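Asker: Right, I'll just put the structure down here and ask away after.
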Amino acid sequence: MTSSPPAAAAPAFDSSLLTVAHDGPVAHIRLNRPAKRNAISDQLIGHLQAAFATLPTAIRAVVLSGEGNHFCAGLDLSEVSERDVGEGIVHSRMWHAAFEQIQFGRVPVIAVLHGAVVGGGLELASATHIRVAESNAFYALPEGQRGLFVGGGGSARIPRLIGVPRMTDMMMTGRVLDATEGQQLGISQYLVEPGAGLAKAFELARKVASNAPLSNFAVMHALPRISDMSQSDGLFVESLMAAIAQGDEAAKERVRAFLDGRAAKVSKG
């Protein structure tokens, strides 16, 4: 009789950079460099990728937030000046890999945006699936004023939220958007008072975590890809994804519950 292999140990994170906590099916991942406005260093981006790649199987949703007064002020500029062109490309691809793990990982991610959501911080936010902004949040892309260009996937993700002309304006002129403008343009889906973001995010995360996992996975992975396809290709992929989702036993049970009157109907409020 053979014994089962031991479970893999959870990765250890430097708590001065990132903290990870579990609350039932919801994980809370928090950037923890408040003295640096949660600027992202090379070590922190590595921790972020590892945290999302090694989520326990019991986790069904993630809340992502920043410690202190700001969500994330972007790239830690103290690490920029020594890189040559080749190193810069490798560095950008490292960010791409980390944020790909967030956007196209296993579970949905709800971000809490407050204070500075700037540069790479806005790139990070744009890789999440649902964004809750507190009314003190502000958004900027100062790369143009610093002789830089976005390197964390912002050119691919942010225009899908606010459009190319608005992103161009922000990068060229240094325009800063407040939380209300960000909500109107589509950066956030929810706008709450200062200090209320975490509670709202956990409320949403628990609701999302209660969905059928395959349905959440389909929304995360199929929807953004379908939007990049021609209409005919997208409709065909939609048919495939719809058939896969409805064939899942969890979906069948939910439909039976609705037909038997055991599930609530859609209502307003």
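Identifiers in this document derive from the order of the structure tokens: chains are assigned A, B, ..., residues are numbered from 1 separately in each chain, and ligands are numbered from 1 in order of occurrence.
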Please, which residues of range 36-246 of chain A, numbered as in this document, come out strand (DSSP E or B) from DSSP, as a ChimeraX atom specification?
Answerer: /A:40,61-66,72,75,109-113,116-118,130-134,138-140,177-178,190-192
Asker: Find the residues around range 175-178 of chain A up to 12 Å (only C-alpha atoms counted), leave out those fewer than 6 positions away in its own chain, and share them as a ChimeraX atom specification.
Answerer: /A:113-119,122,133-145,162,166-169,184-188,191
Asker: Restricting the output to N, CA and C atoms, write the selected residues as a short mmCIF file (atom, residue, chain, number, x, y, z; two decimals), in the first residue's frame.
Answerer:
```cif
data_model
loop_
_atom_site.label_atom_id
_atom_site.label_comp_id
_atom_site.auth_asym_id
_atom_site.auth_seq_id
_atom_site.Cartn_x
_atom_site.Cartn_y
_atom_site.Cartn_z
N LEU A 113 -9.49 49.98 -4.71
CA LEU A 113 -8.66 51.10 -5.16
C LEU A 113 -8.88 52.31 -4.25
N HIS A 114 -7.80 52.81 -3.67
CA HIS A 114 -7.89 54.02 -2.85
C HIS A 114 -6.59 54.80 -2.98
N GLY A 115 -6.66 56.10 -2.77
CA GLY A 115 -5.47 56.92 -2.91
C GLY A 115 -4.89 56.79 -4.31
N ALA A 116 -3.55 56.72 -4.39
CA ALA A 116 -2.87 56.67 -5.68
C ALA A 116 -3.07 55.32 -6.37
N VAL A 117 -3.57 55.38 -7.58
CA VAL A 117 -3.62 54.22 -8.48
C VAL A 117 -2.93 54.72 -9.75
N VAL A 118 -1.62 54.67 -9.72
CA VAL A 118 -0.80 55.44 -10.65
C VAL A 118 0.15 54.52 -11.42
N GLY A 119 0.32 54.79 -12.71
CA GLY A 119 1.29 54.05 -13.51
C GLY A 119 1.05 52.56 -13.43
N LEU A 122 -2.15 51.35 -11.88
CA LEU A 122 -3.33 51.29 -12.74
C LEU A 122 -3.23 50.08 -13.68
N ALA A 133 -13.73 51.24 -6.10
CA ALA A 133 -12.94 52.44 -5.83
C ALA A 133 -13.53 53.20 -4.64
N GLU A 134 -12.67 53.64 -3.76
CA GLU A 134 -13.08 54.59 -2.73
C GLU A 134 -13.01 55.99 -3.32
N SER A 135 -13.79 56.90 -2.79
CA SER A 135 -13.92 58.23 -3.41
C SER A 135 -12.65 59.06 -3.34
N ASN A 136 -11.63 58.59 -2.60
CA ASN A 136 -10.37 59.31 -2.56
C ASN A 136 -9.35 58.77 -3.57
N ALA A 137 -9.76 57.81 -4.39
CA ALA A 137 -8.85 57.25 -5.38
C ALA A 137 -8.59 58.26 -6.49
N PHE A 138 -7.38 58.21 -7.06
CA PHE A 138 -7.07 59.02 -8.24
C PHE A 138 -6.16 58.21 -9.15
N TYR A 139 -6.27 58.50 -10.46
CA TYR A 139 -5.63 57.69 -11.48
C TYR A 139 -4.74 58.55 -12.36
N ALA A 140 -3.53 58.05 -12.65
CA ALA A 140 -2.60 58.79 -13.51
C ALA A 140 -1.67 57.82 -14.19
N LEU A 141 -1.15 58.25 -15.35
CA LEU A 141 -0.15 57.51 -16.11
C LEU A 141 0.98 58.48 -16.43
N PRO A 142 1.90 58.71 -15.48
CA PRO A 142 2.92 59.75 -15.63
C PRO A 142 4.13 59.33 -16.46
N GLU A 143 4.05 58.17 -17.11
CA GLU A 143 5.22 57.67 -17.84
C GLU A 143 5.74 58.68 -18.87
N GLY A 144 4.81 59.38 -19.56
CA GLY A 144 5.23 60.33 -20.58
C GLY A 144 6.10 61.44 -20.03
N GLN A 145 5.80 61.92 -18.83
CA GLN A 145 6.60 62.98 -18.22
C GLN A 145 7.95 62.48 -17.72
N ILE A 162 -10.91 52.63 -20.86
CA ILE A 162 -11.17 54.06 -21.03
C ILE A 162 -11.00 54.54 -22.47
N ARG A 166 -8.27 58.67 -24.39
CA ARG A 166 -8.13 59.11 -22.99
C ARG A 166 -6.80 58.65 -22.41
N MET A 167 -6.37 57.44 -22.75
CA MET A 167 -5.07 56.99 -22.26
C MET A 167 -3.95 57.85 -22.85
N THR A 168 -4.08 58.20 -24.14
CA THR A 168 -3.11 59.09 -24.78
C THR A 168 -3.01 60.41 -24.03
N ASP A 169 -4.14 60.99 -23.71
CA ASP A 169 -4.20 62.25 -22.96
C ASP A 169 -3.50 62.12 -21.62
N GLN A 184 -17.01 56.93 -14.08
CA GLN A 184 -17.77 57.24 -15.29
C GLN A 184 -17.12 56.65 -16.54
N LEU A 185 -15.79 56.57 -16.54
CA LEU A 185 -15.06 56.07 -17.71
C LEU A 185 -14.93 54.55 -17.73
N GLY A 186 -15.20 53.90 -16.60
CA GLY A 186 -15.16 52.45 -16.58
C GLY A 186 -13.96 51.84 -15.88
N ILE A 187 -13.13 52.66 -15.20
CA ILE A 187 -12.02 52.07 -14.45
C ILE A 187 -12.56 51.24 -13.30
N SER A 188 -13.53 51.78 -12.59
CA SER A 188 -14.14 51.03 -11.48
C SER A 188 -15.58 50.70 -11.83
N LEU A 191 -18.29 52.48 -6.62
CA LEU A 191 -17.68 53.64 -5.98
C LEU A 191 -18.27 53.78 -4.59
#
```
Asker: Please provide as a PyMOL selection string all residues within 8 Å of range 51-68 of chain A, with the sequence filter that same-chain residues fewer than 6 positions apart are discarded (counting only C-alpha atoms).
Answerer: chain A and resi 10-11+20+22+24-34+37-38+101-102+105+107-113+198+201-202+205-206+208-210+213
Asker: Have a look at CA of Glu123 in chain A and CA of Glu203 in chain A and let me know their distance in Å, one decimal.
Answerer: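 Taking CA of Glu123 in chain A as the start and CA of Glu203 in chain A as the end point, the length is 24.0 Å.
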Asker: Residues at most 10 Å from Ala218 in chain A, counting only C-alpha atoms, excluding those fewer than 2 positions away in the same chain, as a list in words?
Answerer: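 The filter keeps Pro213, Leu214, Ser215, Asn216, Met220, His221, Ala222, Leu223, Pro224, Glu238, Met241, Ala242, Ile244 and Ala245 of chain A.
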Asker: Put those residues in a file: C-alpha atoms, as a PDB file, in the first residue's frame.
Answerer:
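Contents of selection.pdb, as written:
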```pdb
ATOM      1  CA  PRO A 213     -16.418  27.627 -10.626  1.00  0.00           C
ATOM      2  CA  LEU A 214     -16.651  26.731 -14.312  1.00  0.00           C
ATOM      3  CA  SER A 215     -19.013  29.625 -14.947  1.00  0.00           C
ATOM      4  CA  ASN A 216     -16.593  32.072 -13.304  1.00  0.00           C
ATOM      5  CA  MET A 220     -12.698  35.297 -16.920  1.00  0.00           C
ATOM      6  CA  HIS A 221     -11.127  33.446 -19.837  1.00  0.00           C
ATOM      7  CA  ALA A 222     -13.631  33.435 -22.697  1.00  0.00           C
ATOM      8  CA  LEU A 223     -15.212  36.878 -22.480  1.00  0.00           C
ATOM      9  CA  PRO A 224     -12.060  38.997 -23.015  1.00  0.00           C
ATOM     10  CA  GLU A 238     -19.585  31.586 -27.290  1.00  0.00           C
ATOM     11  CA  MET A 241     -18.344  27.897 -23.974  1.00  0.00           C
ATOM     12  CA  ALA A 242     -22.094  27.986 -23.291  1.00  0.00           C
ATOM     13  CA  ILE A 244     -19.398  23.433 -21.795  1.00  0.00           C
ATOM     14  CA  ALA A 245     -20.736  25.535 -18.913  1.00  0.00           C
TER      15      ALA A 245
END
```
Asker: Figure out the distance between CA of Glu100 in chain A and CA of Ala39 in chain A, please, to one decimal in Å.
Answerer: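 CA of Ala39 in chain A sits 19.0 Å away from CA of Glu100 in chain A.
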Asker: Taking only C-alpha atoms into account, name the residue in A:Gly152, A:Leu77, A:Leu48, A:Ala125 that is nearest to Ser92 in chain A.
Answerer: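 Among the listed residues, the smallest separation from Ser92 in chain A belongs to A:Gly152.
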Asker: Which one is closest to His96 in chain A: A:Pro165, A:Pro194, A:Pro159, A:Gly151? Count only C-alpha atoms.
Answerer: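 Checking each of A:Pro165, A:Pro194, A:Pro159, A:Gly151 against His96 in chain A, counting only C-alpha atoms, the winner is A:Gly151.
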Asker: Which residue is closest to Val219 in chain A? Choose from A:Phe236, A:Phe149, A:Phe71, A:Phe104 and count only C-alpha atoms.
Answerer: A:Phe104
